[in-house]
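One structure is given here, and the rest of the page talks about it.
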Amino acid sequence: MAELVYDKNGRLLFTKEMRKEYTILFPMMAKIHFNIMKNVFTHFGYKAELLETEGPEIAQVGLKYVHNDTCYPAILTIGQLIHALQSGKYDLNKTALMITQTGGGCRASNYIFLLRKALVKAGYEQVPVISLNMSGMEKNPGFNLTLSMIRQMAAAALYGDLIMSLDNQIKPYEVNKGDSAKLIAKWTDLLTTVLTSGHGFTRKDIRKYLDKIAEDFSKIRVVKTPKIKVGVVGEIYVKYASLGNNNLEQFLYDQGCEVNLPGIMGFAMFKVDNRLEDYKLYGGSRAKYIVVKKLMDYLTELESMLIESQKKYGFRPITPYAHTKELVKGVVGYGSKMGEGWLLTGEMLELAECGFENIVCTQPFGCLPNHINGKGMIRKIKERNSKANIVAIDYDPGAPRVNQENRIKLMLAVAKEQLNKELNEKEAQDGGKDTAKAVKVKAVNKV
């Protein structure tokens with residue numbers, strides 16, 4: 001067993017000795033992205049394991065060790081980590097935990113302190129916690145976030161965004177059910193091999209693999225029929241994590257919908273862009289601004305590659321971050337940047353603009369910025385786009401799943417009505433062709 005070492009403030013450190021023998025657990029959020037990222041950590045010599053456990057007992061574990069006034073994502077992520085320690089699957093003297101730390105005004109910056117407090121309460125004070133951050137807030141002798149690792153993680157996020165987008169565009173229409181899922185598994189393995197061999201994250205490699213992925217998905221046989229198009233937005237954890245949103249994507253798919261889930265790269269660009277906006281609003285170091293601007297330019301270049309690959313193979317491209325940012329002018333200021341900030345409003349405007357007027361806004365308990373920029377902006381968004389059909393769904397340990405799904409079904413009933421109306425108009429324009437009518441009935445009979 002590695003010797004336990006503490007810093008001057010009493011924080012248990014993750015040491016170089018621990019790196020050799022400890023398993024690092026981290027909570028699930030976006031399945032496609034995180035499975036690829038986990039393999040990046042493995043490549044750099046860490047024994048990383050992604051927790052994919054689900055079930056109501058995780059929230060109950062979280063509530064036992066985290067105050068119930070704390071936001072729902074904190075309850076779930078901390079609950080999932082402690083639930084894993086309680087499972088008996090891991091050697092508690094050779095296990096560490098990892099959690100992200102943004103450093104912003106969101107309470108997510110304090111998850112790590114809540115987790116350490118919970119570990120002491122649960123009797124696991126010998127388990128070290130690693131902060132995954134790019135702000136230098138906490139450092140550990142046995143964990144270093146290198147430039148090469150950051151580049152590989154950025155590439156993993158980009159590949160994850162593309163695969164997620166293509167899957168959502170293909171899955172509702174595929175002739176042979178499961179074809180898209182097979183490609184997800186195939187490319188997760190291939191990208192793991194590529195990234196762990198030290199490739200796949202240069203500009204040239206990224207462009208090549210984005211094209212290969214898009215080309216592969218374009219070969220899946222599909223039959224395009226009219227479907228209700230639904231966008232999903234919200235607080236980043238509850239937006240992506242099936243544990244946090246009660247498997248919302250699968251529920252919408254089962255209702256016969258096509259889902260559009262804006263990617264993680266947009267959120268990453270938003271967090272970097274906030275530093276540039278801070279400089280414009282409040283001033284600061286010009287040198288720091290120049291460095292951050294270069295990072296923003298790099299992310300914008302990656303985003304452009306992704307869009308080009310989608311267009312090249314006939315897929316609906318993601319909306320450029322710059323356009324999403326432009327959409328919120330006159331609606332909410334760029335200084336609203338806690339949590340998802342103005343980006344949440346922008347994504348709803350973006351979705352409504354590109355044909356996904358039906359939107360589920362996931363609202364976790366305890367996230368005030370999310371409620372302000374989400375539910376609080378619905379009226380303004382509807383003023384901009386009268387077709388916007390938005391439902392805000394609250395997620396917390398006490399919210400019955402059936403109530404959430406019934407509210408979503410009410411939104412889908414309105415969407416079904418609108419889809420029928422549009423198909424009727426198209427049928428009339430086509431001269432009353434029976435084929436158009438048949439397609440219409442087929443399209444809406446699942447809702």
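We label chains A, B, ... in the order they appear in the structure tokens, count residues from 1 in each chain, and number ligands from 1 in the order shown.
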Polymer residues at most 10 Å from His371 (chain A), only C-alpha atoms, same-chain spacing of 5 or more positions, as a count of residues only: 14
Region 360-432 of chain A: residues DSSP assigns to strand (DSSP E or B), reported as an MDAnalysis selection string: chainID A and resid 360:364 389:395
For the selection just defined, write its residues with N, CA and C atoms to a file, as a JSON list (two decimals), in the first residue's frame.
```
[["chain", "number", "residue", "atom", "x", "y", "z"],
["A", 360, "VAL", "N", -36.88, 19.89, -25.23],
["A", 360, "VAL", "CA", -36.94, 19.53, -23.82],
["A", 360, "VAL", "C", -35.78, 20.24, -23.13],
["A", 361, "CYS", "N", -36.10, 21.10, -22.18],
["A", 361, "CYS", "CA", -35.08, 21.83, -21.42],
["A", 361, "CYS", "C", -34.93, 21.15, -20.07],
["A", 362, "THR", "N", -33.82, 20.44, -19.87],
["A", 362, "THR", "CA", -33.61, 19.68, -18.64],
["A", 362, "THR", "C", -33.13, 20.61, -17.52],
["A", 363, "GLN", "N", -33.89, 20.66, -16.45],
["A", 363, "GLN", "CA", -33.63, 21.60, -15.35],
["A", 363, "GLN", "C", -33.34, 20.83, -14.06],
["A", 364, "PRO", "N", -32.09, 20.70, -13.64],
["A", 364, "PRO", "CA", -31.81, 19.98, -12.39],
["A", 364, "PRO", "C", -32.10, 20.84, -11.17],
["A", 389, "ASN", "N", -41.76, 25.11, -29.31],
["A", 389, "ASN", "CA", -42.64, 24.30, -28.45],
["A", 389, "ASN", "C", -41.74, 23.70, -27.37],
["A", 390, "ILE", "N", -41.59, 24.42, -26.27],
["A", 390, "ILE", "CA", -40.58, 24.09, -25.26],
["A", 390, "ILE", "C", -41.22, 23.61, -23.97],
["A", 391, "VAL", "N", -40.69, 22.53, -23.42],
["A", 391, "VAL", "CA", -41.13, 22.07, -22.11],
["A", 391, "VAL", "C", -39.91, 21.98, -21.20],
["A", 392, "ALA", "N", -39.98, 22.60, -20.02],
["A", 392, "ALA", "CA", -38.90, 22.54, -19.04],
["A", 392, "ALA", "C", -39.23, 21.43, -18.05],
["A", 393, "ILE", "N", -38.33, 20.47, -17.93],
["A", 393, "ILE", "CA", -38.54, 19.31, -17.06],
["A", 393, "ILE", "C", -37.57, 19.37, -15.88],
["A", 394, "ASP", "N", -38.12, 19.33, -14.68],
["A", 394, "ASP", "CA", -37.30, 19.35, -13.47],
["A", 394, "ASP", "C", -36.83, 17.94, -13.12],
["A", 395, "TYR", "N", -35.53, 17.82, -12.84],
["A", 395, "TYR", "CA", -34.95, 16.54, -12.45],
["A", 395, "TYR", "C", -34.38, 16.67, -11.04]]
```
Neighbour list for Gly160 (chain A) as a PyMOL selection string, cut-off 9 Å, only C-alpha atoms, skip fewer than 5 positions in-chain: chain A and resi 30-34+36+155+165+188+263-264
Among the residues A:Asn246, A:Thr95, A:Gln152, A:Ser336, the one that comes closest to Ser197 (chain A) [using only C-alpha atoms]: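 That would be A:Gln152, the residue with the smallest distance to Ser197 (chain A).
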d(CA of Asp161 (chain A), CA of Ala388 (chain A)) in Å: 24.5 Å
Residues of region 213-399 of chain A in alpha helix (DSSP H), written as a VMD selection string: chain A and resid 213 to 218 236 to 240 242 to 245 248 to 254 264 to 282 286 to 312 321 to 327 341 to 353 368 to 373 378 to 384
Option closest in space to Gln60 (chain A), from A:Gln404, A:Pro397, A:Phe356, A:Ser87 [counting only C-alpha atoms]: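 Under the stated criterion, the closest residue is A:Pro397.
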Residue nearest Tyr289 (chain A) among A:Glu17, A:Asp273, A:Asp189, A:Glu303 (counting only C-alpha atoms): A:Asp273
Residues within 12 Å of Arg11 (chain A), only C-alpha atoms, excluding chain neighbours under 3 positions, as a PyMOL selection string: chain A and resi 4-8+14-15+112-113+116-117+125-131+138-140
Close residues, Arg221 (chain A) itself excluded, 12 Å, only C-alpha atoms, min 2 positions apart in chain, as a ChimeraX atom specification: /A:170-180,216-219,223-224
Next, write the just-selected residues to a file, as a short mmCIF file (atom, residue, chain, number, x, y, z; two decimals), in the first residue's frame, keeping N, CA and C atoms as the atom set.
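File produced: out-v2.cif:
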```cif
data_model
loop_
_atom_site.label_atom_id
_atom_site.label_comp_id
_atom_site.auth_asym_id
_atom_site.auth_seq_id
_atom_site.Cartn_x
_atom_site.Cartn_y
_atom_site.Cartn_z
N ILE A 170 -29.16 9.01 -37.84
CA ILE A 170 -29.34 7.72 -38.53
C ILE A 170 -30.32 6.81 -37.79
N LYS A 171 -30.17 6.70 -36.50
CA LYS A 171 -30.89 5.69 -35.71
C LYS A 171 -32.40 5.65 -35.93
N PRO A 172 -33.11 6.79 -36.00
CA PRO A 172 -34.57 6.71 -36.17
C PRO A 172 -35.00 6.20 -37.54
N TYR A 173 -34.08 6.19 -38.51
CA TYR A 173 -34.46 5.87 -39.88
C TYR A 173 -33.79 4.61 -40.43
N GLU A 174 -32.92 3.97 -39.66
CA GLU A 174 -32.15 2.85 -40.19
C GLU A 174 -33.06 1.67 -40.55
N VAL A 175 -32.74 1.05 -41.68
CA VAL A 175 -33.52 -0.11 -42.15
C VAL A 175 -33.24 -1.32 -41.26
N ASN A 176 -31.98 -1.55 -40.97
CA ASN A 176 -31.58 -2.67 -40.11
C ASN A 176 -31.26 -2.12 -38.73
N LYS A 177 -32.17 -2.31 -37.81
CA LYS A 177 -32.01 -1.76 -36.47
C LYS A 177 -30.72 -2.28 -35.82
N GLY A 178 -29.96 -1.36 -35.27
CA GLY A 178 -28.70 -1.72 -34.62
C GLY A 178 -27.47 -1.43 -35.43
N ASP A 179 -27.65 -1.05 -36.72
CA ASP A 179 -26.48 -0.74 -37.56
C ASP A 179 -25.67 0.41 -36.99
N SER A 180 -26.37 1.45 -36.55
CA SER A 180 -25.67 2.62 -36.01
C SER A 180 -24.94 2.27 -34.72
N ASP A 216 -18.40 6.24 -43.13
CA ASP A 216 -18.87 4.94 -42.66
C ASP A 216 -20.36 5.00 -42.29
N PHE A 217 -20.76 6.04 -41.58
CA PHE A 217 -22.17 6.17 -41.19
C PHE A 217 -23.06 6.43 -42.41
N SER A 218 -22.51 7.09 -43.42
CA SER A 218 -23.32 7.40 -44.61
C SER A 218 -23.71 6.15 -45.39
N LYS A 219 -23.01 5.03 -45.13
CA LYS A 219 -23.30 3.78 -45.85
C LYS A 219 -24.44 2.99 -45.23
N VAL A 223 -34.43 4.83 -44.37
CA VAL A 223 -35.64 5.25 -45.06
C VAL A 223 -36.15 6.49 -44.32
N LYS A 224 -36.08 7.62 -44.99
CA LYS A 224 -36.48 8.88 -44.36
C LYS A 224 -38.00 9.04 -44.41
#
```
Near-Pro73 (chain A) list (8 Å; only C-alpha atoms; drop same-chain fewer than 3 positions) as a ChimeraX atom specification: /A:76-77,237-238,244,364
Can you write out the residues you just picked, keeping C-alpha atoms, as a short mmCIF file (atom, residue, chain, number, x, y, z; two decimals), in the first residue's frame?
```cif
data_model
loop_
_atom_site.label_atom_id
_atom_site.label_comp_id
_atom_site.auth_asym_id
_atom_site.auth_seq_id
_atom_site.Cartn_x
_atom_site.Cartn_y
_atom_site.Cartn_z
CA LEU A 76 -25.72 11.90 -8.52
CA THR A 77 -22.00 12.13 -9.31
CA TYR A 237 -24.65 16.76 -16.75
CA VAL A 238 -28.41 16.24 -16.84
CA GLY A 244 -29.46 12.28 -14.65
CA PRO A 364 -31.81 19.98 -12.39
#
```
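Neighbouring residues of His67 (chain A) at 10 Å or closer, counting only C-alpha atoms and skipping chain neighbours under 5 positions away, are Gly62, Ala74, Ile75, Leu114 and Ala118 of chain A.
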